[in-house]
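A short worksheet on the structure shown next.
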Amino acid sequence: MSNIELNKRQDQILEIVKEKGPITGEQIADLLNLTRATLRPDLAILTMTGYLEARPRVGYFYAGKSGGLHISEKINKIMVKDYQSIPVVVNNNVSVYDAICTMFLEDVGTLFVVDENSILVGVLSRKDLLRASLGSQNLNTIPVNIIMTRMPNITMCTRDELIINVADKLIEKQIDALPIVKETDKGYEVVGRITKTNITKLLVDIANDELMI
């Protein structure tokens with residue numbers, strides 16, 4: 001599919017077909033006060049690039065597809081808050097055993113560790129908990145603050161960051177989730193999470209052209 005930027009008339013054609021389709025080329029031309037011949041190149045481009053679908057003796061339909069540039073523009077407007085989910089947090093004094101139970105009960109791959117003021121102090125991954133459980137120690141006696149990744153070595157994001165930038169962080173750090181934080185006078189409060197699953201949902205929405213941006 002071509003990476004093209006639509007001109008004003010092509011955008012107008014798309015809006016007409018979205019609203020009135022199926023519609024013939026002659027009807028589109030009449031609405032724009034142009035000749036059918038004038039519109040023919042624009043209709044050909046929109047059809048070849050997947051924006052429109054043409055059916056003989058019926059007319060043009062909006063195909064629900066977007067050119068590559070259009071998709072890129074959509075993605076670069078999507079923020080973390082549009083796809084965030086609820087965080088799962090544990091206190092920094094809970095045991096590794098309790099953290100493992102929480103992870104399985106909540107069906108998540110990452111836990112965020114907070115102090116008594118609900119301020120982020122650490123992150124626990126599946127690997128952290130698995131590594132701790134391989135030893136011969138009693139997991140009920142080991143607090144999570146011994147094995148967690150601590151501040152300032154935690155990668156975070158805010159609700160107003162672009163989701164594409166957060167996806168880059170997930171790939172770069174090879175992690176499954178990031179805490180979404182809000183800065184307070186005591187530190188960073190966890191207000192959400194963004195995960196690879198959230199990014200996958202975004203990908204599916206793009207494929208189904210369900211992003212109303």
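Note on naming: chains are A, B, ... as they come in the structure tokens, residues start from 1 per chain, ligands start from 1 in the order shown.
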
Handout entry: Backbone DSSP call of strand (DSSP E or B) for segment 15-179 of chain A, listed as a PyMOL selection string
Key = chain A and resi 23+52-55+59-62+79+85+89-91+95+110-114+119-125+143+149-150+157+162+177-179

Any chance you could export the current selection's N, CA and C atoms as a compact mmCIF listing (two decimals), in the first residue's frame?
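Result went into result.txt, see below:
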# COMPACT_ATOMS: atom_id res chain seq x y z
N ILE A 23 -22.04 5.07 -3.76
CA ILE A 23 -22.34 6.25 -4.57
C ILE A 23 -21.53 6.17 -5.85
N LEU A 52 -10.91 3.26 -1.11
CA LEU A 52 -12.24 3.00 -1.66
C LEU A 52 -12.28 1.65 -2.35
N GLU A 53 -13.48 1.12 -2.42
CA GLU A 53 -13.72 -0.10 -3.19
C GLU A 53 -14.79 0.20 -4.23
N ALA A 54 -14.50 -0.16 -5.46
CA ALA A 54 -15.43 0.10 -6.55
C ALA A 54 -16.13 -1.18 -6.98
N ARG A 55 -17.44 -1.13 -7.07
CA ARG A 55 -18.21 -2.30 -7.52
C ARG A 55 -19.02 -1.91 -8.76
N GLY A 59 -21.28 1.25 -7.44
CA GLY A 59 -20.63 2.51 -7.08
C GLY A 59 -19.45 2.30 -6.15
N TYR A 60 -19.09 3.37 -5.47
CA TYR A 60 -17.93 3.36 -4.58
C TYR A 60 -18.35 3.19 -3.12
N PHE A 61 -17.59 2.33 -2.41
CA PHE A 61 -17.75 2.13 -0.98
C PHE A 61 -16.49 2.59 -0.27
N TYR A 62 -16.64 3.07 0.96
CA TYR A 62 -15.46 3.32 1.78
C TYR A 62 -14.95 1.97 2.28
N MET A 79 -2.19 8.45 22.79
CA MET A 79 -1.46 8.60 24.03
C MET A 79 -1.65 7.38 24.93
N SER A 85 -4.24 0.35 31.37
CA SER A 85 -5.07 -0.54 32.18
C SER A 85 -4.76 -0.32 33.66
N VAL A 89 -0.66 -3.55 42.36
CA VAL A 89 0.42 -3.13 43.25
C VAL A 89 0.46 -3.99 44.50
N VAL A 90 1.65 -4.09 45.09
CA VAL A 90 1.83 -4.77 46.37
C VAL A 90 2.70 -3.88 47.25
N ASN A 91 2.55 -4.06 48.56
CA ASN A 91 3.36 -3.30 49.50
C ASN A 91 4.78 -3.84 49.54
N SER A 95 5.61 -10.68 51.42
CA SER A 95 6.57 -11.74 51.13
C SER A 95 6.56 -12.09 49.65
N THR A 110 3.60 -8.47 35.73
CA THR A 110 4.42 -7.48 36.43
C THR A 110 3.65 -6.90 37.60
N LEU A 111 4.31 -6.79 38.75
CA LEU A 111 3.73 -6.14 39.93
C LEU A 111 4.52 -4.88 40.22
N PHE A 112 3.82 -3.85 40.65
CA PHE A 112 4.48 -2.61 41.05
C PHE A 112 4.46 -2.53 42.57
N VAL A 113 5.62 -2.24 43.13
CA VAL A 113 5.79 -2.25 44.59
C VAL A 113 5.73 -0.82 45.11
N VAL A 114 4.91 -0.60 46.14
CA VAL A 114 4.73 0.74 46.69
C VAL A 114 5.02 0.74 48.18
N ILE A 119 3.64 5.23 47.15
CA ILE A 119 4.64 5.76 46.21
C ILE A 119 5.45 4.60 45.65
N LEU A 120 5.70 4.63 44.34
CA LEU A 120 6.43 3.58 43.65
C LEU A 120 7.86 3.45 44.19
N VAL A 121 8.23 2.24 44.60
CA VAL A 121 9.59 2.00 45.07
C VAL A 121 10.26 0.84 44.34
N GLY A 122 9.48 0.04 43.60
CA GLY A 122 10.09 -1.09 42.91
C GLY A 122 9.15 -1.75 41.92
N VAL A 123 9.71 -2.65 41.15
CA VAL A 123 8.95 -3.43 40.16
C VAL A 123 9.36 -4.89 40.29
N LEU A 124 8.38 -5.77 40.18
CA LEU A 124 8.62 -7.22 40.24
C LEU A 124 8.14 -7.86 38.95
N SER A 125 9.01 -8.60 38.30
CA SER A 125 8.63 -9.33 37.10
C SER A 125 8.50 -10.82 37.41
N PRO A 143 11.02 -10.74 52.04
CA PRO A 143 10.23 -9.60 51.56
C PRO A 143 10.59 -9.26 50.12
N THR A 149 13.35 -4.75 41.43
CA THR A 149 14.13 -3.70 40.79
C THR A 149 13.74 -2.39 41.45
N ARG A 150 14.74 -1.65 41.91
CA ARG A 150 14.48 -0.45 42.70
C ARG A 150 14.60 0.84 41.90
N CYS A 157 6.45 5.83 32.68
CA CYS A 157 5.86 6.73 31.69
C CYS A 157 4.71 7.49 32.33
N LEU A 162 3.21 9.69 24.23
CA LEU A 162 2.76 8.97 23.04
C LEU A 162 3.01 7.48 23.23
N ALA A 177 5.93 -4.61 30.86
CA ALA A 177 4.99 -3.57 31.29
C ALA A 177 5.74 -2.40 31.90
N LEU A 178 5.10 -1.23 31.83
CA LEU A 178 5.62 -0.03 32.47
C LEU A 178 4.58 0.53 33.42
N PRO A 179 5.02 1.05 34.57
CA PRO A 179 4.08 1.76 35.42
C PRO A 179 3.81 3.15 34.85

Practice task
Give me the residues within 10 Å of Met156 of chain A as a list in words, counting only C-alpha atoms and dropping any in the same chain fewer than 2 places off.
Solution key: Pro152, Asn153, Ile154, Thr158, Val166, Lys169, Ala177, Leu178, Pro179, Ile180, Val181, Lys182, Tyr188, Val190, Arg193 and Ile194 of chain A

Keeping only C-alpha atoms, write those residues as a tab-separated table (two decimals), in the first residue's frame.
chain	number	residue	atom	x	y	z
A	152	PRO	CA	15.96	4.90	40.11
A	153	ASN	CA	16.38	1.87	37.82
A	154	ILE	CA	12.67	1.72	36.94
A	158	THR	CA	3.05	9.24	32.09
A	166	VAL	CA	6.36	3.70	25.27
A	169	LYS	CA	10.83	1.61	25.74
A	177	ALA	CA	4.99	-3.57	31.29
A	178	LEU	CA	5.62	-0.03	32.47
A	179	PRO	CA	4.08	1.76	35.42
A	180	ILE	CA	2.17	4.91	34.52
A	181	VAL	CA	3.01	7.47	37.16
A	182	LYS	CA	1.97	10.87	38.45
A	188	TYR	CA	5.86	8.91	41.92
A	190	VAL	CA	1.28	4.65	40.26
A	193	ARG	CA	0.07	0.40	33.60
A	194	ILE	CA	0.83	-0.08	29.93

Exercise for the section: Please indicate the distance in Å from atom CA of Asp185 of chain A to atom CA of Gln84 of chain A, rounded to one decimal place. Expected result: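 That distance, rounded to one decimal, is 23.6 Å.
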
Problem - Which residue of A:Lys196, A:Arg9, A:Lys127, A:Lys18 approaches Leu32 of chain A most closely, using only C-alpha atoms - result: A:Arg9

Problem - Point-to-point distance from atom CA of Asp176 of chain A to atom CA of Thr200 of chain A, Å rounded to tenths - result: 11.8 Å

Exercise for the section: Skip Gly25 of chain A itself and residues of its chain fewer than 3 positions away, then list as number ranges by chain all residues within 10 Å of it, counting only C-alpha atoms. Expected result: A: 13, 17, 22, 28-31, 35-37, 39-40, 43, 54, 59-60

Okay, now the selection with C-alpha atoms, as a CSV table (one decimal), in the first residue's frame?
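Result file selection.csv:
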chain,number,residue,atom,x,y,z
A,13,ILE,CA,-14.3,12.4,-1.9
A,17,VAL,CA,-18.3,8.2,0.2
A,22,PRO,CA,-22.5,3.3,-2.2
A,28,ILE,CA,-19.7,12.4,-6.5
A,29,ALA,CA,-18.8,14.7,-9.4
A,30,ASP,CA,-22.2,16.4,-9.1
A,31,LEU,CA,-21.8,17.0,-5.4
A,35,THR,CA,-16.8,16.6,-14.3
A,36,ARG,CA,-16.5,12.9,-14.0
A,37,ALA,CA,-13.3,13.1,-16.1
A,39,LEU,CA,-12.4,13.1,-10.8
A,40,ARG,CA,-11.2,10.0,-12.5
A,43,LEU,CA,-10.9,8.0,-7.8
A,54,ALA,CA,-15.4,0.1,-6.6
A,59,GLY,CA,-20.6,2.5,-7.1
A,60,TYR,CA,-17.9,3.4,-4.6

Problem - Nearest to Ile45 of chain A, chosen from A:Asn7, A:Val58, A:Asn145, A:Glu26, with only C-alpha atoms counted in the distances - result: A:Asn7

Handout entry: Expected answer as a PyMOL selection string: helix (DSSP H, G or I) residues in chain A
Key = chain A and resi 8-20+25-31+36-48+68-75+80-82+96-106+126-133+139-141+144-146+163-173+196-207
